[in-house]
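What follows is target_28.cif (mmCIF, C-alpha atoms).
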data_my_file
#
loop_
_atom_site.label_atom_id
_atom_site.label_comp_id
_atom_site.auth_asym_id
_atom_site.auth_seq_id
_atom_site.Cartn_x
_atom_site.Cartn_y
_atom_site.Cartn_z
CA MET N 1 2.76 -6.46 43.88
CA ALA N 2 4.75 -4.90 41.03
CA ALA N 3 7.44 -3.69 43.42
CA ASN N 4 8.55 -7.30 43.90
CA THR N 5 9.67 -7.62 40.25
CA LYS N 6 12.84 -6.73 38.34
CA THR N 7 15.04 -6.71 41.44
CA SER N 8 17.96 -7.99 39.37
CA ARG N 9 17.81 -4.87 37.21
CA LYS N 10 18.47 -2.32 39.91
CA VAL N 11 21.96 -0.82 39.97
CA ALA N 12 24.79 0.71 42.04
CA ARG N 13 24.65 -1.30 45.25
CA TYR N 14 26.51 -0.24 48.41
CA ALA N 15 26.19 -1.10 52.06
CA VAL N 16 24.20 0.49 54.88
CA PRO N 17 24.15 -0.36 58.57
CA VAL N 18 22.31 -3.44 59.80
CA ALA N 19 19.99 -1.28 61.86
CA VAL N 20 18.85 0.62 58.79
CA ALA N 21 18.47 -2.55 56.76
CA GLY N 22 16.19 -3.89 59.47
CA VAL N 23 13.81 -0.99 58.96
CA ALA N 24 13.46 -2.08 55.34
CA ALA N 25 11.45 -5.08 56.56
CA ALA N 26 8.54 -2.75 57.38
CA THR N 27 5.51 -3.26 55.14
CA VAL N 28 3.46 -1.05 52.84
CA ALA N 29 -0.24 -0.36 52.22
CA MET N 30 -1.44 1.79 49.34
CA VAL N 31 -3.12 5.12 50.11
CA PRO N 32 -4.36 7.00 47.00
CA ALA N 33 -3.05 10.44 47.96
CA PHE N 34 -1.88 12.95 45.34
CA ALA N 35 1.26 15.04 45.01
CA ASN N 36 1.20 18.48 46.61
CA ALA N 37 2.63 21.71 45.30
CA GLY N 38 6.01 23.01 46.52
CA GLY N 39 8.54 21.76 43.95
CA PRO N 40 8.63 21.26 40.17
CA ASP N 41 5.24 21.34 38.48
CA LEU N 42 4.70 17.68 37.56
CA PRO N 43 1.63 15.69 36.47
CA LYS N 44 -0.25 14.27 39.45
CA VAL N 45 0.26 10.60 40.30
CA THR N 46 -1.07 8.26 42.95
CA ALA N 47 1.15 6.30 45.33
CA GLN N 48 0.28 3.10 43.46
CA GLN N 49 1.28 4.63 40.13
CA LEU N 50 4.56 5.91 41.57
CA ILE N 51 5.47 2.52 43.04
CA GLU N 52 4.69 0.90 39.69
CA LYS N 53 6.96 3.46 38.03
CA VAL N 54 9.83 2.47 40.34
CA ALA N 55 9.23 -1.24 39.70
CA ALA N 56 9.09 -0.74 35.92
CA SER N 57 12.33 1.25 35.74
CA ASP N 58 14.84 -0.51 33.49
CA VAL N 59 17.80 1.79 34.14
CA GLU N 60 20.98 -0.29 34.45
CA GLN N 61 23.67 2.28 33.70
CA LEU N 62 24.65 5.39 35.61
CA SER N 63 27.51 7.31 37.15
CA GLY N 64 27.69 10.18 39.58
CA THR N 65 28.31 11.30 43.13
CA ALA N 66 26.25 10.38 46.17
CA ARG N 67 26.26 11.14 49.87
CA ILE N 68 25.02 9.23 52.90
CA SER N 69 24.61 10.92 56.29
CA THR N 70 23.74 8.79 59.30
CA ASP N 71 22.83 10.15 62.72
CA LEU N 72 21.74 7.18 64.81
CA GLY N 73 22.59 8.93 68.08
CA LEU N 74 24.93 6.08 69.02
CA PRO N 75 26.70 6.11 72.39
CA LYS N 76 30.30 7.32 72.19
CA ILE N 77 31.61 3.82 72.84
CA ALA N 78 29.71 2.47 69.83
CA THR N 79 30.87 5.33 67.60
CA GLY N 80 34.44 4.51 68.55
CA LEU N 81 33.94 0.87 67.69
CA LEU N 82 32.62 1.87 64.27
CA GLY N 83 35.74 3.80 63.45
CA GLY N 84 34.62 7.28 64.44
CA GLY N 85 32.85 7.81 61.15
CA GLY N 86 35.91 7.53 58.92
CA VAL N 87 35.82 5.31 55.85
CA ALA N 88 39.45 5.17 54.78
CA GLY N 89 42.28 3.54 56.62
CA GLY N 90 42.72 0.32 58.55
CA SER N 91 41.29 -2.41 56.32
CA ALA N 92 40.31 -3.17 52.75
CA ASN N 93 37.64 -5.69 53.77
CA PRO N 94 34.21 -4.44 52.61
CA GLU N 95 32.57 -5.69 55.83
CA ASP N 96 34.67 -3.23 57.86
CA LYS N 97 33.47 -0.35 55.69
CA VAL N 98 29.84 -1.35 56.16
CA ALA N 99 30.03 -0.80 59.92
CA GLN N 100 31.65 2.62 59.52
CA LEU N 101 28.63 3.89 57.57
CA ALA N 102 26.65 3.79 60.83
CA SER N 103 27.81 7.28 61.74
CA GLY N 104 28.85 10.52 60.11
CA THR N 105 28.65 11.77 56.53
CA HIS N 106 30.33 9.97 53.66
CA THR N 107 30.65 10.98 50.01
CA PHE N 108 31.37 8.56 47.20
CA ARG N 109 31.55 8.28 43.46
CA VAL N 110 29.37 5.58 41.94
CA ALA N 111 29.25 3.87 38.55
CA ALA N 112 27.16 0.95 37.31
CA ASP N 113 26.80 -0.97 34.09
CA GLY N 114 24.26 -3.72 34.59
CA PRO N 115 24.29 -6.41 37.31
CA ASP N 116 27.91 -7.46 36.63
CA ARG N 117 29.78 -4.17 36.95
CA GLN N 118 29.58 -1.63 39.76
CA LYS N 119 32.14 0.63 41.38
CA LEU N 120 32.00 2.77 44.51
CA THR N 121 34.81 5.02 45.62
CA PHE N 122 34.41 6.43 49.13
CA LEU N 123 36.17 9.75 49.57
CA ASP N 124 37.83 10.84 52.81
CA GLY N 125 40.11 13.79 52.11
CA LYS N 126 43.14 12.63 50.19
CA ASP N 127 42.48 8.98 51.11
CA GLU N 128 40.09 6.75 49.20
CA TYR N 129 38.42 3.39 49.56
CA SER N 130 37.20 1.68 46.39
CA LEU N 131 34.87 -1.29 46.07
CA ILE N 132 34.73 -2.76 42.55
CA HIS N 133 32.57 -5.57 41.20
CA ASN N 134 33.63 -6.61 37.71
CA GLY N 135 32.23 -9.91 36.49
CA ASP N 136 33.55 -12.74 38.67
CA ASP N 137 35.74 -10.48 40.81
CA VAL N 138 35.10 -8.20 43.77
CA TRP N 139 37.94 -5.92 44.84
CA GLY N 140 38.31 -3.63 47.84
CA TYR N 141 41.20 -1.15 47.96
CA ASP N 142 42.16 1.12 50.86
CA SER N 143 44.68 3.76 49.76
CA LYS N 144 45.68 4.80 53.28
CA SER N 145 46.82 1.33 54.37
CA ASN N 146 47.67 0.22 50.80
CA GLU N 147 45.67 -2.96 51.35
CA VAL N 148 43.65 -4.90 48.79
CA PHE N 149 40.79 -7.32 49.42
CA HIS N 150 39.93 -9.75 46.61
CA GLU N 151 37.05 -12.16 46.40
CA LYS N 152 36.37 -14.52 43.52
CA ASN N 153 32.72 -15.38 42.98
CA PRO N 154 31.83 -16.96 39.63
CA GLN N 155 28.12 -16.51 40.44
CA ALA N 156 28.25 -12.79 41.23
CA GLY N 157 25.61 -11.03 39.16
CA LYS N 158 24.24 -14.34 37.84
CA ASP N 159 21.23 -16.41 38.93
CA ALA N 160 19.51 -13.23 40.11
CA GLY N 161 16.98 -15.12 42.21
CA LYS N 162 19.69 -16.58 44.47
CA ASP N 163 21.36 -14.98 47.47
CA HIS N 164 25.07 -14.32 46.89
CA LYS N 165 27.08 -12.89 49.77
CA THR N 166 29.61 -11.21 47.47
CA ALA N 167 26.92 -9.26 45.64
CA ASP N 168 25.34 -8.35 48.99
CA ARG N 169 28.58 -6.67 50.03
CA MET N 170 27.95 -4.08 47.33
CA GLY N 171 25.06 -3.20 49.61
CA ALA N 172 22.25 -0.77 48.87
CA SER N 173 22.21 2.51 46.93
CA PRO N 174 19.30 4.93 47.22
CA GLN N 175 17.64 2.62 44.65
CA LYS N 176 18.32 -0.53 46.69
CA ILE N 177 17.16 0.98 49.98
CA ALA N 178 13.93 2.06 48.30
CA GLU N 179 13.51 -1.34 46.65
CA GLU N 180 13.82 -3.15 49.97
CA LEU N 181 11.32 -0.80 51.56
CA LEU N 182 8.76 -1.30 48.83
CA LYS N 183 9.01 -4.98 47.99
CA ALA N 184 7.71 -6.23 51.36
CA ALA N 185 4.16 -4.98 50.91
CA GLY N 186 1.65 -5.29 53.73
CA PRO N 187 -0.82 -3.52 55.99
CA THR N 188 1.34 -1.72 58.58
CA THR N 189 2.31 1.39 56.56
CA ASP N 190 0.47 4.29 54.98
CA VAL N 191 1.93 5.41 51.66
CA SER N 192 1.20 8.76 50.04
CA VAL N 193 2.77 11.13 47.53
CA GLY N 194 4.33 14.23 49.09
CA ASP N 195 5.74 17.43 47.63
CA THR N 196 7.72 17.27 44.41
CA ALA N 197 11.45 18.01 44.66
CA GLN N 198 14.67 18.45 42.75
CA VAL N 199 17.48 16.00 43.53
CA ALA N 200 20.83 16.13 41.73
CA GLY N 201 19.26 18.52 39.21
CA ARG N 202 16.47 16.03 38.38
CA ASP N 203 12.73 16.58 38.87
CA ALA N 204 11.36 14.07 41.34
CA TYR N 205 8.19 12.90 43.03
CA GLN N 206 8.39 11.99 46.72
CA LEU N 207 6.85 8.82 48.08
CA VAL N 208 6.12 9.10 51.81
CA LEU N 209 5.86 6.01 54.04
CA LYS N 210 4.50 6.36 57.57
CA PRO N 211 4.00 3.65 60.22
CA LYS N 212 0.39 2.99 61.19
CA GLN N 213 1.49 1.40 64.45
CA SER N 214 2.31 3.31 67.61
CA GLY N 215 5.63 2.92 69.38
CA SER N 216 7.95 3.12 66.36
CA THR N 217 10.99 5.39 66.46
CA VAL N 218 10.47 6.05 62.74
CA GLY N 219 8.36 9.07 61.82
CA SER N 220 8.43 8.53 58.07
CA VAL N 221 10.52 7.46 55.11
CA GLN N 222 10.67 9.80 52.11
CA ILE N 223 11.80 8.40 48.76
CA ALA N 224 12.54 10.86 45.93
CA VAL N 225 11.78 9.17 42.59
CA ASP N 226 13.08 10.47 39.24
CA ALA N 227 10.02 11.77 37.38
CA LYS N 228 11.30 10.55 33.99
CA ASN N 229 12.86 7.14 34.55
CA GLY N 230 11.56 6.00 37.96
CA VAL N 231 14.99 5.65 39.61
CA PRO N 232 14.97 6.47 43.35
CA LEU N 233 17.39 9.38 43.76
CA ARG N 234 17.25 9.91 47.52
CA VAL N 235 15.95 8.15 50.64
CA GLN N 236 15.44 9.96 53.95
CA LEU N 237 14.59 8.18 57.19
CA LEU N 238 13.01 10.65 59.62
CA SER N 239 12.71 10.26 63.38
CA ALA N 240 9.35 10.28 65.16
CA GLN N 241 10.96 12.81 67.53
CA GLY N 242 11.81 15.23 64.72
CA GLY N 243 15.18 16.80 64.01
CA LYS N 244 17.47 16.07 61.08
CA PRO N 245 17.09 12.76 59.22
CA ILE N 246 18.40 9.60 60.87
CA VAL N 247 19.60 8.53 57.44
CA ASP N 248 19.84 10.71 54.33
CA ALA N 249 21.20 8.83 51.29
CA GLY N 250 21.03 10.32 47.83
CA PHE N 251 22.73 11.46 44.67
CA THR N 252 24.24 14.93 44.41
CA LYS N 253 25.15 14.38 40.73
CA VAL N 254 23.90 11.66 38.40
CA ASP N 255 24.29 10.78 34.71
CA PHE N 256 22.42 7.88 33.12
CA ALA N 257 24.90 7.38 30.23
CA LYS N 258 26.90 4.14 29.95
CA PRO N 259 30.20 4.42 31.93
CA ALA N 260 33.47 3.70 30.12
CA ALA N 261 34.50 0.03 30.30
CA ASP N 262 37.85 0.84 31.97
CA THR N 263 35.93 2.40 34.89
CA PHE N 264 35.63 -1.10 36.39
CA ALA N 265 39.19 -2.29 35.70
CA PHE N 266 41.41 -2.85 38.73
CA THR N 267 44.99 -4.00 39.27
CA ALA N 268 46.49 -4.23 42.73
CA PRO N 269 49.11 -1.46 43.19
CA LYS N 270 52.72 -2.55 43.51
CA GLY N 271 53.62 -3.34 47.10
CA ALA N 272 50.02 -3.56 48.28
CA LYS N 273 49.07 -6.29 50.74
CA VAL N 274 46.46 -8.53 49.07
CA THR N 275 44.02 -10.61 51.12
CA GLU N 276 41.97 -13.28 49.38
CA GLY N 277 38.43 -13.55 50.71
CA VAL N 278 35.85 -16.33 50.60
CA ASP N 279 32.33 -15.95 49.26
CA GLY N 280 30.04 -15.72 52.28
CA SER N 281 30.86 -14.40 55.72
CA GLY N 282 31.94 -17.74 57.17
CA LYS N 283 30.64 -16.64 60.55
CA GLY N 284 27.75 -19.02 61.00
CA ASP N 285 24.04 -18.44 60.68
CA LYS N 286 23.25 -16.54 63.85
CA ASP N 287 20.47 -13.99 63.66
CA GLN N 288 21.68 -10.62 62.36
CA SER N 289 20.33 -8.70 65.33
CA PHE N 290 22.25 -11.05 67.62
CA LYS N 291 25.45 -10.37 65.67
CA ALA N 292 24.89 -6.64 65.82
CA LEU N 293 24.50 -6.67 69.60
CA GLU N 294 27.76 -8.60 69.98
CA SER N 295 29.63 -5.52 68.76
CA PHE N 296 29.12 -3.89 72.16
CA PRO N 297 31.83 -4.96 74.65
CA GLY N 298 30.37 -6.67 77.68
CA LEU N 299 27.08 -7.46 76.00
CA ASP N 300 28.67 -10.33 74.11
CA GLY N 301 29.39 -11.95 77.48
CA LEU N 302 25.75 -11.70 78.47
CA LEU N 303 24.82 -13.31 75.17
CA GLY N 304 26.99 -16.35 75.71
CA GLY N 305 30.25 -15.06 74.28
CA PRO N 306 31.34 -14.55 70.67
CA ASN N 307 30.46 -18.14 69.79
CA GLY N 308 27.21 -18.27 71.77
CA GLN N 309 23.90 -19.26 70.23
CA GLY N 310 21.06 -17.09 71.49
CA ASP N 311 17.43 -18.11 71.34
CA VAL N 312 15.83 -15.39 69.21
CA LYS N 313 12.05 -14.86 69.15
CA VAL N 314 10.38 -12.26 66.94
CA LEU N 315 7.58 -10.30 68.62
CA GLY N 316 5.06 -8.19 66.72
CA GLU N 317 5.22 -7.22 63.06
CA GLY N 318 6.07 -4.40 60.69
CA TRP N 319 7.48 -1.23 62.23
CA ALA N 320 6.74 -2.53 65.75
CA THR N 321 8.82 -5.71 65.40
CA ILE N 322 10.94 -6.55 68.44
CA ALA N 323 13.52 -9.33 68.71
CA ARG N 324 13.77 -11.04 72.10
CA ILE N 325 17.13 -12.68 72.63
CA ASP N 326 17.52 -15.19 75.44
CA SER N 327 21.18 -16.07 75.59
CA GLY N 328 20.91 -18.93 78.05
CA ALA N 329 24.25 -17.71 79.36
CA GLY N 330 22.96 -17.45 82.91
CA LYS N 331 24.36 -13.94 83.21
CA GLY N 332 22.75 -10.55 83.63
CA LEU N 333 23.70 -6.92 84.17
CA LYS N 334 24.20 -7.45 87.89
CA ASP N 335 26.72 -10.20 87.15
CA LEU N 336 28.62 -7.81 84.91
CA GLU N 337 28.46 -4.99 87.45
CA ASN N 338 29.79 -7.24 90.20
CA ASP N 339 32.51 -8.89 88.13
CA LYS N 340 35.79 -7.41 89.36
CA ASN N 341 37.64 -9.11 86.49
CA ALA N 342 35.42 -7.68 83.80
CA PRO N 343 37.41 -5.86 81.07
CA LYS N 344 37.47 -2.07 80.92
CA GLU N 345 35.32 -2.14 77.77
CA ALA N 346 32.59 -3.97 79.68
CA LYS N 347 32.47 -1.25 82.31
CA GLN N 348 32.35 1.37 79.55
CA PHE N 349 29.43 -0.50 78.04
CA LEU N 350 27.56 -0.33 81.36
CA ASP N 351 28.23 3.40 81.57
CA SER N 352 26.75 3.84 78.07
CA LEU N 353 23.41 2.38 79.14
CA GLY N 354 20.59 4.65 80.21
CA ASP N 355 18.73 4.73 83.51
CA LYS N 356 17.34 1.58 85.02
CA VAL N 357 13.78 0.62 84.09
CA THR N 358 11.44 -1.67 85.96
CA GLY N 359 8.31 -3.62 85.15
CA LYS N 360 6.66 -6.97 85.62
CA PHE N 361 9.74 -8.49 83.96
CA GLY N 362 11.99 -7.19 86.75
CA GLU N 363 14.77 -4.65 86.23
CA GLY N 364 16.90 -3.68 83.27
CA ARG N 365 18.79 -0.95 81.44
CA VAL N 366 18.17 0.58 78.02
CA LEU N 367 20.74 1.18 75.29
CA SER N 368 19.24 4.03 73.27
CA THR N 369 19.82 5.40 69.77
CA ARG N 370 17.58 7.54 67.56
CA LEU N 371 16.53 4.44 65.62
CA VAL N 372 17.16 1.18 67.46
CA ASN N 373 16.72 0.70 71.21
CA ALA N 374 17.70 -2.33 73.27
CA LEU N 375 16.47 -3.31 76.74
CA VAL N 376 18.93 -5.52 78.61
CA THR N 377 17.30 -7.20 81.60
CA ASP N 378 18.98 -8.28 84.78
CA ASP N 379 18.24 -11.91 83.97
CA GLY N 380 20.20 -11.76 80.71
CA LYS N 381 17.46 -11.24 78.13
CA VAL N 382 17.66 -8.58 75.42
CA TYR N 383 14.71 -6.90 73.66
CA VAL N 384 15.73 -4.90 70.59
CA GLY N 385 13.88 -3.05 67.84
CA ALA N 386 13.23 0.27 66.09
CA VAL N 387 10.74 1.08 68.83
CA THR N 388 10.54 3.31 71.90
CA LYS N 389 11.73 2.41 75.38
CA ASP N 390 8.12 2.10 76.55
CA ALA N 391 7.38 -0.38 73.75
CA LEU N 392 10.34 -2.52 74.86
CA VAL N 393 9.19 -2.51 78.48
CA LYS N 394 5.67 -3.47 77.41
CA ALA N 395 7.04 -6.35 75.33
CA ALA N 396 9.24 -7.53 78.20
CA ASP N 397 6.25 -7.48 80.57
CA ALA N 398 4.15 -9.50 78.17
CA ASN N 399 6.89 -12.07 77.55
CA LYS N 400 8.56 -12.38 80.93
#
Using the file provided, produce a representation of the structure as structure tokens.
Amino acid sequence: MAANTKTSRKVARYAVPVAVAGVAAATVAMVPAFANAGGPDLPKVTAQQLIEKVAASDVEQLSGTARISTDLGLPKIATGLLGGGGVAGGSANPEDKVAQLASGTHTFRVAADGPDRQKLTFLDGKDEYSLIHNGDDVWGYDSKSNEVFHEKNPQAGKDAGKDHKTADRMGASPQKIAEELLKAAGPTTDVSVGDTAQVAGRDAYQLVLKPKQSGSTVGSVQIAVDAKNGVPLRVQLLSAQGGKPIVDAGFTKVDFAKPAADTFAFTAPKGAKVTEGVDGSGKGDKDQSFKALESFPGLDGLLGGPNGQGDVKVLGEGWATIARIDSGAGKGLKDLENDKNAPKEAKQFLDSLGDKVTGKFGEGRVLSTRLVNALVTDDGKVYVGAVTKDALVKAADANK
């Protein structure tokens, strides 16, 4: 499909939470619906034509201001682990900033000039965090702690078909989120064209993606596409239960002129602590969902500890995908509950879990958010996905 092409030409990449990135694996089927009235009066287009417009966009230069709001409905303990929603202070490592985007609202300035130069400056009151990619260098600077992270990657921005960890740390702008959603085309999603809109002062069409399958926590994804140049300007992830968007990422101001060359220049401030990074995470090849679950105190013990290797099996497809993780640790929730030497954080983790659920699989507890839910069984297995509690129980019963 055309949406699989020109991925190296998309611009302004920044990071989003792992849970949101997982939703991008959902697949797309074309439905020839037409745009409705309600916004700017634009020529009618089909969903297929709009997706082709996004894929054909050759915009490589822009600057502006964007905002991402994330309301995953995380337990308080998880919100605390993610830094309480703040982006500045504590560390200059880009990976630390990625996790903090999982809650709250964050505003940032963005600039891009092709695949080799991007800059994002996250704003948090008087404190700032900047992430700069300029040729072979990636810099992270946290003004509050006066710390600098530097990573040298001669391949950054080159060999576009290859996977480079440094470039990945620039993450996903509204364009990148939309690109990931559209490039994995398949039969589990209905796609239509919704109402037109204005985003950052630009006329836009809205592409609407809805799961065909039952049991997903996602109601729809709405992608606002610039009517002139095909650049996605905003992406909204809406809950099947209604309410405000789970994720709302978009530009508030945007200019498609070439940014000044000195925009991407960076020199470490005098007295700043500089940490040299290594291309790639250096943390092994464990499944991403397994890594994400380890962030909850107590659950890492059930999964075999920080260095454990869980057996991960993927169940279902598209929006209904569930990962079953069998740690082989020989531990379950009852072991954690009865462990008098368990750390305080482990007990807090237990308190964050919902009511007990039962089924053919036995007993377990559910860790719930607005997007991703996880069923932790008493025999140490974990079922996780962007699906409802009932869908997790059904999967556990069928794979006990």
Selection under test: the PyMOL selection byres ((chain N and resi 321-323) around 9); residues as JSON, numbers by chain: {"N": [26, 216, 289, 290, 312, 313, 314, 315, 316, 317, 318, 319, 320, 324, 325, 382, 383, 384, 385, 386, 387, 391, 392, 395]}
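Across N:Phe251, N:Phe149, N:Phe361, N:Trp139, the tightest approach to N:Ile68 is made by N:Phe251 when counting all atoms listed in the file.
Shortest separation to N:Leu42 among N:Ala204, N:Ala56, N:Ala112, N:Leu131 occurs at residue N:Ala204, atoms counted being only C-alpha atoms.
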Given the PyMOL selection byres ((chain N and resi 114) around 7), the residues it picks as a list in words: Val11, Glu60, Gln61, Ala112, Asp113, Pro115, Asp116 and Arg117 of chain N
Which residues, protein or nucleic acid, reach to within 7 Å of (9.8, 12.3, 62.4) in the file's coordinates when using only C-alpha atoms, and can you give that as a tab-separated table (two decimals) with C-alpha atoms, keeping the file's coordinate frame?
chain	number	residue	atom	x	y	z
N	218	VAL	CA	10.47	6.05	62.74
N	219	GLY	CA	8.36	9.07	61.82
N	220	SER	CA	8.43	8.53	58.07
N	238	LEU	CA	13.01	10.65	59.62
N	239	SER	CA	12.71	10.26	63.38
N	240	ALA	CA	9.35	10.28	65.16
N	241	GLN	CA	10.96	12.81	67.53
N	242	GLY	CA	11.81	15.23	64.72
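Atom CA of N:Ala55 sits 16.4 Å away from atom CA of N:Leu209.
Comparing N:Leu123, N:Val45, N:Leu371, N:Ala111 by their smallest distance to N:Asp195, the closest is N:Val45 (using all atoms listed in the file).
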Spatial neighbours of stretch 264-271 of chain N, max dist 12 Å, only C-alpha atoms, sep filter under 5 positions, as a PyMOL selection string: chain N and resi 63+92+110-114+116-121+130-135+137-143+145-150+259
Gap from atom CA of N:Phe108 to atom CA of N:Pro245 - Å, one decimal: 19.1 Å
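Nearest to N:Leu207 of all the residues N:Gly380, N:Gly104, N:Gly39, N:Gly194 is N:Gly194, based on all atoms listed in the file.
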Around all listed atoms of stretch 125-139 of chain N, padded 6 Å per side, what centre and edge lengths does the axis-aligned box have in Å to one decimal, as AutoDock Vina command-line options?
--center_x 37.7 --center_y 0.5 --center_z 44.3 --size_x 22.9 --size_y 38.5 --size_z 27.6
Nearest to N:Val357, chosen from N:Val372, N:Val225, N:Asp397, N:Gln49, with all atoms listed in the file counted in the distances: N:Asp397
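Relative to atom CA of N:Phe256, atom CA of N:Tyr205 is found at 18.1 Å.
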